[in-house]
Amino acid sequence: MPAKNDGPDEAGPQTKSEQTRALILETAMRLFQERGYDKTTMRAIATEAGVSVGNAYYYFAGKEHLIQGFYDRIAAEHQVAVREVLDRETDLEARLAGVLTAWLDIARPYHEFAVQFFKNAADPDSPLSPFSPESSHAREQAIRVHREVLAGSKSKVAPELRDVLPELMWLSQMGLVLYWVFDRTENRERSYRLARRGARLTARGVALARFRVLRPLVLEVHELFTDFLPGMTKALPDPGKRT
């Protein structure tokens, strides 16, 4: 049975079904952190949450779907957290730095948990991979944020790069996430530094891409990732099909 997607209704209070789904997800996140992803079973999650095993499987088809729920929740919280900087800033570097540091702020409580299940997420065939079909919803939400980062900036972007650049910006964020997983500095200070410096480099790259002679290079970089990064061909459209 596929996972039941009963997201909370923003127009009103949560229903009992939504509350149960949120309880199961919160319980799973706590147990994953305490016991580790591999050692936590759906039965243990159901017991701790005070629901039947069948009820737990009704909302989440398995542990992998619980992680997808976690991905979706982080993506939704990130969309809310970036509103202030995107409404205030028009400079591309400031917008992107704000978006990346906001993600680090939101993810901070889950660092040890991320370290534990990273070996599963790193498998390109795993549904936990950010490039997997199962992760498509959270991935599309994240790319949508970067599309807004670009669209609301004062930087001029060639029409043929408007779809490509947000995807490359998301890939850059995935690089930051990978670094963050292994970052052992206090409060992940180096990850924040990387986010700000990466935003500066990206903004400069976008500025240079307005020159016609450099646009084919940007498209080729995107095609390189699409063709050779594990799982990427399933995650992003074929650049050869672009108009």
# chains A, B, ... in the order shown; residues from 1 in each chain; ligands from 1
$ residues_around --residues "Glu84 (chain A)" --least-positions-apart "2" --cutoff "12 Å" --atoms "only C-alpha atoms" --output "list in words"
His78, Gln79, Val80, Ala81, Val82, Leu86, Asp87, Arg88, Glu89, Thr90, Ala94, Arg95, Gly98, Val99 and Ala102 of chain A
$ residues_around --residues "region 46-63 of chain A" --least-positions-apart "2" --cutoff "12 Å" --atoms "only C-alpha atoms" --output "ChimeraX atom specification"
/A:1-7,17-32,36-44,65-70,117,120,126-128
$ write_last_selection --atoms "C-alpha atoms" --output "short mmCIF file (atom, residue, chain, number, x, y, z; two decimals), in the first residue's frame"
data_model
loop_
_atom_site.label_atom_id
_atom_site.label_comp_id
_atom_site.auth_asym_id
_atom_site.auth_seq_id
_atom_site.Cartn_x
_atom_site.Cartn_y
_atom_site.Cartn_z
CA MET A 1 0.00 0.00 0.00
CA PRO A 2 1.45 3.43 -0.88
CA ALA A 3 2.05 5.91 1.87
CA LYS A 4 -0.99 8.02 2.67
CA ASN A 5 -0.23 11.67 2.05
CA ASP A 6 -2.45 13.56 4.48
CA GLY A 7 -0.59 16.82 4.75
CA SER A 17 -5.90 11.73 10.75
CA GLU A 18 -3.33 14.47 10.22
CA GLN A 19 -2.47 14.49 13.92
CA THR A 20 -1.91 10.73 13.87
CA ARG A 21 0.30 10.98 10.81
CA ALA A 22 2.35 13.77 12.42
CA LEU A 23 2.66 11.76 15.66
CA ILE A 24 4.00 8.72 13.80
CA LEU A 25 6.50 10.88 11.90
CA GLU A 26 7.70 12.68 15.04
CA THR A 27 8.06 9.37 16.89
CA ALA A 28 10.03 7.86 14.02
CA MET A 29 12.41 10.83 13.87
CA ARG A 30 13.06 10.53 17.62
CA LEU A 31 13.71 6.79 17.46
CA PHE A 32 15.92 7.15 14.40
CA GLY A 36 19.72 4.60 14.50
CA TYR A 37 17.81 4.16 11.27
CA ASP A 38 18.73 0.51 10.66
CA LYS A 39 17.84 -0.63 14.19
CA THR A 40 14.45 1.06 14.30
CA THR A 41 11.51 -1.04 13.13
CA MET A 42 8.01 -0.01 12.10
CA ARG A 43 6.68 -2.07 15.03
CA ALA A 44 8.83 -0.11 17.49
CA HIS A 65 8.34 6.59 3.35
CA LEU A 66 8.86 8.03 6.82
CA ILE A 67 12.10 9.56 5.55
CA GLN A 68 10.20 10.95 2.58
CA GLY A 69 7.80 12.52 5.07
CA PHE A 70 10.82 14.02 6.82
CA PHE A 117 21.14 7.29 7.57
CA ASN A 120 21.42 4.58 2.89
CA SER A 126 17.79 3.71 -2.54
CA PRO A 127 14.45 5.52 -2.24
CA LEU A 128 16.19 7.67 0.38
#
$ atom_distance --atom1 "CA of Ser153 (chain A)" --atom2 "CA of Val213 (chain A)"
22.3 Å
$ select_by_dssp --residues "region 28-219 of chain A" --states "helix (DSSP H, G or I)" --output "PyMOL selection string"
chain A and resi 28-35+42-49+53-59+63-81+83-88+92-121+133-151+159-161+164-182+186-208+212-219
$ residues_around --residues "Ala158 (chain A)" --least-positions-apart "4" --cutoff "9 Å" --atoms "only C-alpha atoms" --output "CSV table (one decimal) with N, CA, C and O atoms, in the first residue's frame"
chain,number,residue,atom,x,y,z
A,162,ARG,N,16.9,29.9,-17.9
A,162,ARG,CA,16.0,30.0,-16.7
A,162,ARG,C,15.6,28.7,-16.1
A,162,ARG,O,15.3,28.7,-14.9
A,209,ALA,N,27.1,34.3,-17.0
A,209,ALA,CA,26.3,33.6,-18.0
A,209,ALA,C,25.5,34.4,-18.9
A,209,ALA,O,24.9,34.0,-19.9
A,210,ARG,N,25.3,35.7,-18.5
A,210,ARG,CA,24.6,36.6,-19.4
A,210,ARG,C,25.3,36.9,-20.7
A,210,ARG,O,24.6,37.3,-21.7
A,211,PHE,N,26.6,36.6,-20.8
A,211,PHE,CA,27.3,36.7,-22.0
A,211,PHE,C,27.0,35.5,-22.9
A,211,PHE,O,27.2,34.4,-22.5
A,212,ARG,N,26.6,35.8,-24.1
A,212,ARG,CA,26.2,34.7,-25.0
A,212,ARG,C,27.3,33.7,-25.2
A,212,ARG,O,27.0,32.5,-25.3
A,215,ARG,N,27.0,30.9,-22.5
A,215,ARG,CA,25.8,30.1,-22.3
A,215,ARG,C,26.0,28.7,-22.7
A,215,ARG,O,25.5,27.8,-22.0
$ closest_residue --among "A:Ala199, A:Val206, A:Met174, A:Val164" --to "Glu223 (chain A)" --atoms "only C-alpha atoms"
A:Val164
$ atom_distance --atom1 "CA of Gln173 (chain A)" --atom2 "CA of Arg35 (chain A)"
28.2 Å
$ atom_distance --atom1 "CA of Asp123 (chain A)" --atom2 "CA of His222 (chain A)"
21.7 Å
$ closest_atom_pairs --of "region 61-116 of chain A" --to "region 135-150 of chain A" --cutoff "6 Å" --atoms "only C-alpha atoms" --output "JSON lines"
{"residue": "A:Tyr71", "atom": "CA", "partner": "A:Ala138", "partner_atom": "CA", "distance": 5.9}
{"residue": "A:Asp72", "atom": "CA", "partner": "A:Ala138", "partner_atom": "CA", "distance": 5.1}
{"residue": "A:Ala75", "atom": "CA", "partner": "A:Ala138", "partner_atom": "CA", "distance": 5.9}
$ write_last_selection --atoms "N, CA and C atoms" --output "CSV table (one decimal), in the first residue's frame"
chain,number,residue,atom,x,y,z
A,71,TYR,N,11.7,14.5,4.6
A,71,TYR,CA,12.2,15.4,3.5
A,71,TYR,C,11.1,16.4,3.2
A,72,ASP,N,9.9,16.0,3.1
A,72,ASP,CA,8.8,16.9,2.7
A,72,ASP,C,8.6,18.0,3.8
A,75,ALA,N,11.4,20.5,3.6
A,75,ALA,CA,11.2,21.3,2.4
A,75,ALA,C,10.1,22.4,2.7
$ closest_residue --among "A:Arg204, A:Gln33, A:Leu178, A:Val85" --to "Lys119 (chain A)" --atoms "only C-alpha atoms"
A:Leu178
